[in-house]
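Text of input.txt, listed as compact mmCIF, C-alpha atoms and all ligand atoms:
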# COMPACT_ATOMS: atom_id res chain seq x y z
CA MET A 1 77.35 149.65 95.24
CA LYS A 2 77.61 147.04 92.51
CA HIS A 3 78.03 147.99 88.91
CA ILE A 4 77.29 145.09 86.57
CA PRO A 5 76.91 145.98 82.87
CA TYR A 6 74.65 143.99 80.51
CA GLY A 7 77.57 143.12 78.27
CA ARG A 8 81.29 143.76 78.05
CA GLN A 9 84.40 142.64 76.22
CA HIS A 10 87.16 140.44 77.54
CA ILE A 11 90.73 141.37 76.59
CA GLY A 12 93.61 139.05 77.53
CA GLN A 13 97.33 139.74 77.66
CA ASP A 14 97.72 137.70 74.45
CA ASP A 15 95.32 140.13 72.70
CA ILE A 16 97.41 143.07 73.90
CA ASP A 17 100.64 141.41 72.75
CA GLU A 18 99.25 140.80 69.26
CA VAL A 19 98.10 144.40 68.92
CA VAL A 20 101.46 145.72 70.13
CA LYS A 21 103.23 143.57 67.52
CA VAL A 22 101.27 145.29 64.76
CA LEU A 23 101.93 148.72 66.26
CA LYS A 24 105.66 147.98 65.97
CA SER A 25 105.36 146.62 62.41
CA ASP A 26 105.38 148.36 59.02
CA TRP A 27 101.63 148.16 58.49
CA LEU A 28 98.94 149.80 60.58
CA THR A 29 96.40 149.42 57.80
CA GLN A 30 96.16 147.66 54.41
CA GLY A 31 98.76 145.17 55.64
CA PRO A 32 98.96 141.40 56.11
CA ALA A 33 96.92 141.18 59.34
CA ILE A 34 93.76 141.85 57.36
CA GLU A 35 93.97 138.90 55.01
CA LYS A 36 95.18 136.74 57.87
CA PHE A 37 92.05 137.52 59.89
CA GLU A 38 89.89 136.98 56.79
CA ASN A 39 91.41 133.56 56.16
CA GLU A 40 90.95 132.56 59.80
CA LEU A 41 87.31 133.66 59.75
CA SER A 42 86.62 131.68 56.56
CA ARG A 43 88.25 128.62 58.10
CA TYR A 44 86.34 129.01 61.36
CA CYS A 45 82.98 129.34 59.59
CA ASN A 46 83.86 126.82 56.91
CA ALA A 47 82.96 129.40 54.26
CA GLY A 48 84.81 130.19 51.06
CA PHE A 49 85.56 133.90 51.46
CA SER A 50 85.59 136.65 54.09
CA VAL A 51 85.65 140.42 53.65
CA VAL A 52 86.29 142.37 56.84
CA SER A 53 85.25 146.01 57.15
CA SER A 54 85.10 148.96 59.53
CA ASN A 55 81.98 147.76 61.40
CA GLY A 56 78.93 145.53 61.14
CA THR A 57 76.87 148.29 59.56
CA THR A 58 79.31 148.84 56.68
CA ALA A 59 79.47 145.05 56.26
CA LEU A 60 75.68 144.99 55.87
CA HIS A 61 75.89 147.85 53.37
CA LEU A 62 78.58 146.03 51.36
CA ALA A 63 76.43 142.88 51.38
CA CYS A 64 73.44 144.81 49.99
CA ILE A 65 75.63 146.38 47.29
CA ALA A 66 77.03 142.98 46.33
CA LEU A 67 73.48 141.69 45.83
CA ASP A 68 72.66 144.71 43.61
CA VAL A 69 70.14 146.25 46.00
CA GLY A 70 69.10 149.59 44.56
CA SER A 71 66.34 152.07 44.11
CA GLY A 72 63.02 150.37 43.33
CA ASP A 73 64.05 147.18 45.13
CA ILE A 74 62.45 145.87 48.30
CA VAL A 75 64.31 144.42 51.31
CA TRP A 76 62.63 142.71 54.26
CA THR A 77 64.05 142.23 57.73
CA SER A 78 62.88 141.66 61.30
CA PRO A 79 61.48 144.53 63.40
CA ASN A 80 63.27 143.02 66.42
CA THR A 81 66.79 144.15 65.57
CA PHE A 82 69.23 147.00 65.67
CA VAL A 83 68.35 149.68 63.12
CA ALA A 84 71.38 148.84 60.94
CA SER A 85 69.69 145.66 59.63
CA ALA A 86 67.15 147.89 57.86
CA ASN A 87 69.27 150.99 57.24
CA CYS A 88 71.69 149.06 54.99
CA ALA A 89 68.92 148.74 52.39
CA ARG A 90 67.95 152.40 52.74
CA TYR A 91 71.58 153.41 52.01
CA CYS A 92 71.09 151.69 48.64
CA GLY A 93 67.82 153.55 48.00
CA ALA A 94 65.67 150.44 48.45
CA ASP A 95 62.31 150.25 50.23
CA VAL A 96 62.26 148.38 53.54
CA ASP A 97 59.49 146.26 54.99
CA PHE A 98 59.38 143.92 57.97
CA VAL A 99 58.27 140.39 58.82
CA ASP A 100 56.93 139.84 62.34
CA ILE A 101 58.73 137.58 64.79
CA CYS A 102 57.95 134.16 66.21
CA SER A 103 56.82 134.71 69.83
CA LYS A 104 59.02 131.84 71.06
CA THR A 105 62.42 132.57 69.48
CA TYR A 106 61.89 136.32 68.81
CA ASN A 107 63.41 135.66 65.38
CA MET A 108 61.73 136.40 62.04
CA SER A 109 58.90 133.87 61.74
CA ALA A 110 59.20 131.66 58.66
CA ILE A 111 55.41 131.22 58.76
CA ALA A 112 54.81 134.99 58.76
CA LEU A 113 57.40 135.27 55.98
CA GLU A 114 55.52 132.79 53.80
CA GLU A 115 52.18 134.53 54.41
CA LYS A 116 53.70 137.88 53.48
CA LEU A 117 55.35 136.44 50.36
CA ILE A 118 51.99 135.05 49.15
CA GLN A 119 50.46 138.54 49.49
CA ALA A 120 53.49 140.28 47.99
CA LYS A 121 53.42 138.02 44.95
CA LYS A 122 49.79 138.96 44.28
CA HIS A 123 50.69 142.66 44.36
CA ASN A 124 53.95 142.22 42.48
CA LYS A 125 55.95 143.50 45.47
CA LEU A 126 58.28 140.60 46.19
CA PRO A 127 61.52 141.40 48.06
CA LYS A 128 64.87 141.20 46.31
CA VAL A 129 66.67 140.42 49.56
CA VAL A 130 65.54 139.16 52.98
CA VAL A 131 67.74 139.85 56.03
CA PRO A 132 66.97 137.35 58.81
CA VAL A 133 68.56 138.39 62.12
CA HIS A 134 69.84 135.70 64.50
CA PHE A 135 68.46 137.44 67.56
CA ALA A 136 70.42 137.01 70.80
CA GLY A 137 72.70 134.55 68.99
CA GLN A 138 70.15 131.87 68.06
CA SER A 139 69.84 131.03 64.37
CA CYS A 140 66.61 131.69 62.49
CA ASP A 141 64.89 128.76 60.81
CA MET A 142 67.27 129.08 57.87
CA GLN A 143 66.26 125.90 56.10
CA ALA A 144 62.65 127.10 55.85
CA ILE A 145 63.68 130.62 54.84
CA HIS A 146 66.03 129.23 52.20
CA LYS A 147 63.28 127.02 50.78
CA LEU A 148 61.06 130.10 50.43
CA SER A 149 63.92 131.98 48.73
CA GLU A 150 64.02 129.31 46.01
CA GLN A 151 60.27 129.46 45.61
CA TYR A 152 60.01 133.27 45.51
CA GLY A 153 63.40 134.18 44.10
CA PHE A 154 64.94 136.39 46.77
CA LYS A 155 68.52 136.50 48.09
CA ILE A 156 69.45 136.08 51.77
CA ILE A 157 71.80 138.09 53.98
CA GLU A 158 72.05 136.58 57.46
CA ASP A 159 72.54 139.31 60.05
CA ALA A 160 74.65 137.24 62.44
CA CYS A 161 75.99 140.23 64.39
CA HIS A 162 74.89 138.43 67.60
CA ALA A 163 75.80 134.98 66.51
CA ILE A 164 79.44 134.21 65.71
CA GLY A 165 80.28 130.94 67.44
CA GLY A 166 76.66 129.74 67.29
CA GLU A 167 75.58 126.71 65.27
CA TYR A 168 72.67 125.65 63.12
CA GLN A 169 72.13 122.02 62.13
CA GLN A 170 75.58 121.17 63.56
CA LYS A 171 77.29 123.73 61.31
CA LYS A 172 78.86 127.01 62.42
CA ILE A 173 76.79 130.10 61.68
CA GLY A 174 78.58 131.71 58.74
CA SER A 175 78.85 128.53 56.68
CA CYS A 176 76.28 130.21 54.38
CA GLN A 177 74.66 126.86 53.69
CA TYR A 178 71.29 128.60 53.42
CA SER A 179 72.29 132.15 52.47
CA ASP A 180 74.29 134.26 50.05
CA ILE A 181 76.18 136.28 52.65
CA THR A 182 76.48 136.22 56.46
CA VAL A 183 77.40 139.40 58.36
CA PHE A 184 79.18 139.68 61.73
CA SER A 185 79.89 142.63 64.03
CA PHE A 186 82.91 142.91 66.30
CA HIS A 187 81.63 145.74 68.49
CA PRO A 188 82.79 145.28 72.12
CA VAL A 189 79.41 144.02 73.37
CA LYS A 190 79.31 141.27 70.73
CA ILE A 191 80.84 137.78 71.06
CA ILE A 192 84.37 138.75 69.92
CA THR A 193 85.66 142.27 69.34
CA THR A 194 88.01 144.37 67.24
CA GLY A 195 86.88 147.63 68.91
CA GLU A 196 84.85 148.53 65.85
CA GLY A 197 84.71 146.01 63.04
CA GLY A 198 82.59 143.75 60.92
CA ALA A 199 82.76 141.02 58.31
CA CYS A 200 80.89 139.45 55.43
CA VAL A 201 81.40 135.76 54.73
CA THR A 202 80.20 134.05 51.57
CA ASN A 203 80.82 131.04 49.35
CA ASP A 204 80.52 133.16 46.20
CA LYS A 205 83.81 134.51 44.88
CA VAL A 206 82.13 137.13 42.68
CA LEU A 207 80.25 138.57 45.66
CA ALA A 208 83.45 138.62 47.75
CA GLU A 209 85.39 140.45 45.00
CA LYS A 210 82.62 143.00 44.63
CA MET A 211 82.53 143.70 48.37
CA LYS A 212 86.32 144.15 48.40
CA LEU A 213 86.09 146.60 45.50
CA TYR A 214 83.43 148.70 47.23
CA ARG A 215 85.30 148.55 50.55
CA THR A 216 88.16 150.57 49.03
CA HIS A 217 86.62 153.39 46.97
CA GLY A 218 85.83 151.13 43.99
CA ILE A 219 89.54 151.21 43.17
CA THR A 220 91.42 148.33 41.54
CA ARG A 221 95.17 147.80 41.12
CA ASN A 222 94.66 144.56 39.23
CA GLU A 223 95.46 145.12 35.53
CA GLU A 224 93.07 142.35 34.46
CA GLU A 225 90.20 144.41 35.84
CA MET A 226 91.20 147.69 34.17
CA THR A 227 89.54 149.15 31.11
CA THR A 228 92.94 149.96 29.54
CA ALA A 229 96.49 148.71 29.90
CA SER A 230 98.18 149.82 33.11
CA GLU A 231 100.21 153.02 32.71
CA GLY A 232 102.86 151.81 35.17
CA GLY A 233 103.52 150.51 38.65
CA TRP A 234 101.76 153.48 40.25
CA TYR A 235 98.58 153.12 38.26
CA TYR A 236 95.10 152.28 39.60
CA GLN A 237 91.59 152.81 38.33
CA GLN A 238 88.37 153.71 40.08
CA LYS A 239 85.71 151.57 38.44
CA VAL A 240 82.64 152.35 40.58
CA LEU A 241 81.68 154.73 43.38
CA GLY A 242 82.87 152.84 46.45
CA PHE A 243 83.66 153.80 50.04
CA ASN A 244 86.45 153.74 52.55
CA TYR A 245 85.04 150.96 54.72
CA ARG A 246 88.43 149.49 55.59
CA ILE A 247 89.40 148.06 58.96
CA THR A 248 92.96 148.46 60.28
CA ASP A 249 95.66 145.84 60.88
CA ILE A 250 95.61 146.86 64.53
CA GLN A 251 91.97 145.82 64.77
CA CYS A 252 92.46 142.63 62.75
CA ALA A 253 95.32 141.52 65.01
CA LEU A 254 92.90 141.83 67.91
CA GLY A 255 90.26 139.96 65.90
CA SER A 256 92.60 137.06 65.09
CA SER A 257 93.57 136.76 68.73
CA GLN A 258 89.94 136.92 69.94
CA LEU A 259 88.81 134.38 67.35
CA LYS A 260 91.05 131.78 69.02
CA ARG A 261 88.81 132.05 72.09
CA VAL A 262 85.41 132.30 70.45
CA ASP A 263 84.39 128.74 71.37
CA LYS A 264 85.47 129.26 74.99
CA TYR A 265 83.47 132.49 75.12
CA VAL A 266 80.35 130.78 73.81
CA GLU A 267 80.78 127.88 76.28
CA LYS A 268 81.02 130.38 79.14
CA ARG A 269 77.91 132.18 77.90
CA GLU A 270 76.09 128.84 77.72
CA GLU A 271 77.00 128.14 81.34
CA ILE A 272 75.66 131.51 82.41
CA ALA A 273 72.44 130.90 80.44
CA THR A 274 72.06 127.48 82.07
CA THR A 275 72.36 129.05 85.52
CA TYR A 276 69.77 131.73 84.67
CA ASN A 277 67.44 129.09 83.20
CA ARG A 278 67.64 127.03 86.38
CA GLU A 279 67.54 129.82 88.96
CA LEU A 280 64.82 131.92 87.31
CA SER A 281 62.48 129.08 86.37
CA HIS A 282 60.26 129.56 89.44
CA LEU A 283 59.72 133.28 88.78
CA PRO A 284 56.83 134.79 86.78
CA LEU A 285 58.99 135.39 83.70
CA VAL A 286 59.15 134.06 80.17
CA LEU A 287 62.64 132.61 79.73
CA PRO A 288 64.32 132.29 76.32
CA SER A 289 63.42 129.11 74.46
CA GLN A 290 65.88 127.24 72.30
CA MET A 291 65.22 125.39 69.06
CA GLY A 292 66.43 121.78 68.95
CA ASN A 293 68.55 122.20 65.81
CA ALA A 294 70.42 125.35 66.88
CA ARG A 295 73.10 126.24 69.39
CA SER A 296 72.90 129.87 70.43
CA ALA A 297 76.00 132.04 70.86
CA TRP A 298 74.06 133.70 73.74
CA HIS A 299 74.89 137.31 72.89
CA LEU A 300 71.88 138.27 74.99
CA TYR A 301 69.85 136.68 77.76
CA VAL A 302 66.38 138.20 77.56
CA VAL A 303 63.44 137.62 79.88
CA GLN A 304 59.87 138.82 79.46
CA VAL A 305 58.06 140.22 82.49
CA LEU A 306 54.46 138.98 82.63
CA PRO A 307 52.40 142.18 82.36
CA GLU A 308 49.74 140.82 84.75
CA ASN A 309 52.44 140.33 87.38
CA ASN A 310 54.63 143.41 87.09
CA SER A 311 55.67 146.05 84.59
CA ARG A 312 58.83 145.91 82.56
CA LYS A 313 59.54 149.54 83.41
CA ASN A 314 59.38 148.84 87.13
CA VAL A 315 61.61 145.76 86.87
CA PHE A 316 64.07 147.65 84.67
CA ASN A 317 64.22 150.67 87.01
CA LYS A 318 64.59 148.57 90.18
CA LEU A 319 67.43 146.53 88.65
CA ARG A 320 69.18 149.70 87.45
CA GLU A 321 68.80 151.19 90.96
CA SER A 322 70.57 148.08 92.29
CA GLY A 323 73.57 148.73 90.05
CA ILE A 324 72.59 146.16 87.44
CA GLY A 325 73.02 147.52 83.93
CA VAL A 326 70.02 145.85 82.33
CA ASN A 327 69.01 146.93 78.86
CA VAL A 328 66.19 146.47 76.35
CA HIS A 329 66.60 144.79 72.94
CA TYR A 330 64.91 145.99 70.79
CA SER A 331 62.58 148.88 70.35
CA PRO A 332 60.94 147.71 67.06
CA VAL A 333 62.69 149.30 64.09
CA HIS A 334 59.43 150.28 62.36
CA LEU A 335 58.44 152.49 65.31
CA HIS A 336 61.47 154.79 65.15
CA PRO A 337 60.48 158.27 63.87
CA TYR A 338 62.50 157.80 60.66
CA TYR A 339 60.56 154.64 59.75
CA ARG A 340 57.23 156.04 60.90
CA LYS A 341 57.74 158.86 58.40
CA LEU A 342 58.02 156.14 55.76
CA GLY A 343 54.51 154.99 56.72
CA PHE A 344 54.90 152.42 59.51
CA ASN A 345 52.69 152.48 62.60
CA ILE A 346 51.96 150.95 65.98
CA GLY A 347 50.13 147.66 65.42
CA ASP A 348 51.93 146.79 62.18
CA PHE A 349 53.99 143.98 63.77
CA PRO A 350 52.13 143.12 66.98
CA ARG A 351 54.29 140.23 68.19
CA SER A 352 57.45 142.35 68.02
CA GLU A 353 55.66 145.16 69.80
CA TYR A 354 54.28 142.90 72.54
CA TYR A 355 57.70 141.36 73.06
CA TYR A 356 59.35 144.79 73.22
CA ASN A 357 56.88 146.03 75.83
CA ASN A 358 57.81 143.26 78.27
CA THR A 359 61.45 142.42 77.66
CA VAL A 360 64.59 143.02 79.71
CA SER A 361 68.14 141.92 78.81
CA LEU A 362 70.02 140.64 81.86
CA PRO A 363 73.83 140.85 82.24
CA MET A 364 75.50 138.31 79.94
CA TYR A 365 79.22 138.24 79.18
CA PRO A 366 81.93 135.60 79.61
CA THR A 367 83.59 137.20 82.63
CA LEU A 368 80.34 137.65 84.57
CA SER A 369 81.17 136.06 87.93
CA LEU A 370 78.86 133.58 89.62
CA GLU A 371 78.69 135.97 92.56
CA ASP A 372 77.50 138.83 90.36
CA GLN A 373 75.05 136.56 88.57
CA ARG A 374 73.65 135.40 91.94
CA TYR A 375 73.21 139.07 92.88
CA VAL A 376 71.19 139.67 89.68
CA ILE A 377 69.04 136.59 90.33
CA CYS A 378 68.50 137.61 93.96
CA LYS A 379 67.45 141.18 93.09
CA LEU A 380 65.14 139.96 90.35
CA SER A 381 63.50 137.49 92.77
CA GLU A 382 62.99 140.27 95.35
CA ILE A 383 61.34 142.54 92.78
CA LEU A 384 59.00 139.85 91.45
CA LYS A 385 58.04 138.15 94.76
C1 LIG A 401 75.58 145.41 66.42
C2 LIG A 401 74.61 145.09 65.35
C3 LIG A 401 74.71 145.62 64.06
C4 LIG A 401 75.69 146.68 63.70
O1 LIG A 401 76.99 146.39 63.96
P1 LIG A 401 78.05 147.59 64.25
O2 LIG A 401 79.35 146.86 64.28
O3 LIG A 401 77.67 148.19 65.56
O4 LIG A 401 77.94 148.54 63.12
C5 LIG A 401 73.81 145.19 63.11
N1 LIG A 401 72.85 144.30 63.39
C6 LIG A 401 72.71 143.79 64.62
C7 LIG A 401 71.63 142.79 64.87
C8 LIG A 401 73.56 144.18 65.64
O5 LIG A 401 73.38 143.70 66.88
As structure tokens, the full file:
Amino acid sequence: MKHIPYGRQHIGQDDIDEVVKVLKSDWLTQGPAIEKFENELSRYCNAGFSVVSSNGTTALHLACIALDVGSGDIVWTSPNTFVASANCARYCGADVDFVDICSKTYNMSAIALEEKLIQAKKHNKLPKVVVPVHFAGQSCDMQAIHKLSEQYGFKIIEDACHAIGGEYQQKKIGSCQYSDITVFSFHPVKIITTGEGGACVTNDKVLAEKMKLYRTHGITRNEEEMTTASEGGWYYQQKVLGFNYRITDIQCALGSSQLKRVDKYVEKREEIATTYNRELSHLPLVLPSQMGNARSAWHLYVVQVLPENNSRKNVFNKLRESGIGVNVHYSPVHLHPYYRKLGFNIGDFPRSEYYYNNTVSLPMYPTLSLEDQRYVICKLSEILK
């Protein structure tokens, strides 16, 4: 029996060699591999600064802290995302609200965002920060969202956990052309991996410094930042209540090595998407649609089952029974019990809910063989015929 997961990492011998080098070195953490990976990320994204951290969730939290999100503030994100995109604001004590998706891209709709901003302005409830999520690896309409941010005075954190290697208007996602901070995750199902890991990239030095301070307990060893003269070579000061959100040198060595292959990975994912697009086009499914000015990193390949033709549950179960590890992305964040207790309900974001009810994520990872992909296509055709 086949076992094909929906996503998985690829680790080469060169990755292993780089990790082993660090294991034999003087630094397992807080060493040179961290800044090296940060510099490589900044260069890759063409952004000014990178701050790597223990995972994508802590990176999102650091980004919210850097933008002064706190109690009494409001943060908006997409309902069609992993819970961390909303939780990061809750960690800061802020209120969370959502903006419904576009039914074509499944990303936060810039039109819905504008409508909600007009209402929010009337009621004096404008968001401090908006977190657009580049779902499945395809950029949101960042130019439109950025224009609204200038009009309504909010900051932007791009949740690009799906999207490293993707492009928007011919620039790499992470250039922060239309945002304050962009966040990546390096979890093994994402485009490149460090095991667990995340990063914030920004063009703002002050934001980068603040995220670095909060990443390590709020502690500084830089005398210029101390309230008094240093008491000696051992001396450090804790200035604010920070966290231990550090990532290790072991993980960063893996990250640096994986980053060398990010473009190859995305090309391979594009090929797989092209094959799905071609081979599934005759089936009663809604295939993912791509915007003209974006190049997706293809973290996910999602299809929608037409409810008049079949049920998502049936398609999901039949594929799983055939050894195909399909998945569902995402159960809308506002419908989780935690968010329902905060007042959200079924019907609040109908396009996200409709999409969720019909969607299935098919296997998508760079080492998916053509044979395995053909098997997926064949099973799906059998189920839907
Ligand atoms: C994976 C993911 C995160 C969280 O990243 P972790 O590294 O798992 O903490 C946040 N947002 C989105 C959209 C993700 O897919």
With only C-alpha atoms and all ligand atoms counted, collect every polymer residue having an atom within 8 Å of ligand LIG 401 (chain A); state the result as a short mmCIF file (atom, residue, chain, number, x, y, z; two decimals) with C-alpha atoms, in the coordinates of the input.
data_model
loop_
_atom_site.label_atom_id
_atom_site.label_comp_id
_atom_site.auth_asym_id
_atom_site.auth_seq_id
_atom_site.Cartn_x
_atom_site.Cartn_y
_atom_site.Cartn_z
CA SER A 54 85.10 148.96 59.53
CA ASN A 55 81.98 147.76 61.40
CA GLY A 56 78.93 145.53 61.14
CA THR A 57 76.87 148.29 59.56
CA THR A 58 79.31 148.84 56.68
CA ALA A 59 79.47 145.05 56.26
CA LEU A 60 75.68 144.99 55.87
CA THR A 81 66.79 144.15 65.57
CA PHE A 82 69.23 147.00 65.67
CA VAL A 83 68.35 149.68 63.12
CA ALA A 84 71.38 148.84 60.94
CA SER A 85 69.69 145.66 59.63
CA VAL A 133 68.56 138.39 62.12
CA HIS A 134 69.84 135.70 64.50
CA PHE A 135 68.46 137.44 67.56
CA ASP A 159 72.54 139.31 60.05
CA ALA A 160 74.65 137.24 62.44
CA CYS A 161 75.99 140.23 64.39
CA HIS A 162 74.89 138.43 67.60
CA PHE A 184 79.18 139.68 61.73
CA SER A 185 79.89 142.63 64.03
CA PHE A 186 82.91 142.91 66.30
CA HIS A 187 81.63 145.74 68.49
CA LYS A 190 79.31 141.27 70.73
CA GLU A 196 84.85 148.53 65.85
CA GLY A 197 84.71 146.01 63.04
CA GLY A 198 82.59 143.75 60.92
#
Using all atoms listed in the file, find each residue of range 86-145 of chain A with at least one atom at most 10 Å away from an atom of range 165-175 of chain A; report its shortest atom-to-atom pair and that distance in Å (one decimal), sort the rows by chain and rising residue number, and return the result as CSV.
residue,atom,partner,partner_atom,distance
A:His134,CA,A:Ile173,CA,9.4
A:Gly137,CA,A:Gly166,CA,6.5
A:Gln138,CA,A:Gly166,CA,6.9
A:Ser139,CA,A:Tyr168,CA,6.2
A:Cys140,CA,A:Tyr168,CA,8.6
A:Asp141,CA,A:Tyr168,CA,8.7
A:Met142,CA,A:Tyr168,CA,8.3
A:Gln143,CA,A:Gln169,CA,9.3
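Minimum atom-to-atom distances from A:Leu319, A:Ala273, A:Leu207, A:Ile192 to Trp298 in chain A were compared using all atoms listed in the file, and the lowest value belongs to A:Ala273.
Take the candidates A:Glu279, A:Asp95, A:Glu18, A:Asp73 and check each one against Arg374 in chain A using only C-alpha atoms; the shortest distance goes to A:Glu279.
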Using only C-alpha atoms, which of A:Ser256, A:Ser331, A:Gln290, A:Thr359 sits nearest Glu40 in chain A? A:Ser256
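With only C-alpha atoms as the atoms that count, the minimum distance from Glu271 in chain A to the choices A:Tyr245, A:Tyr354, A:Tyr365, A:Tyr236 is reached by A:Tyr365.
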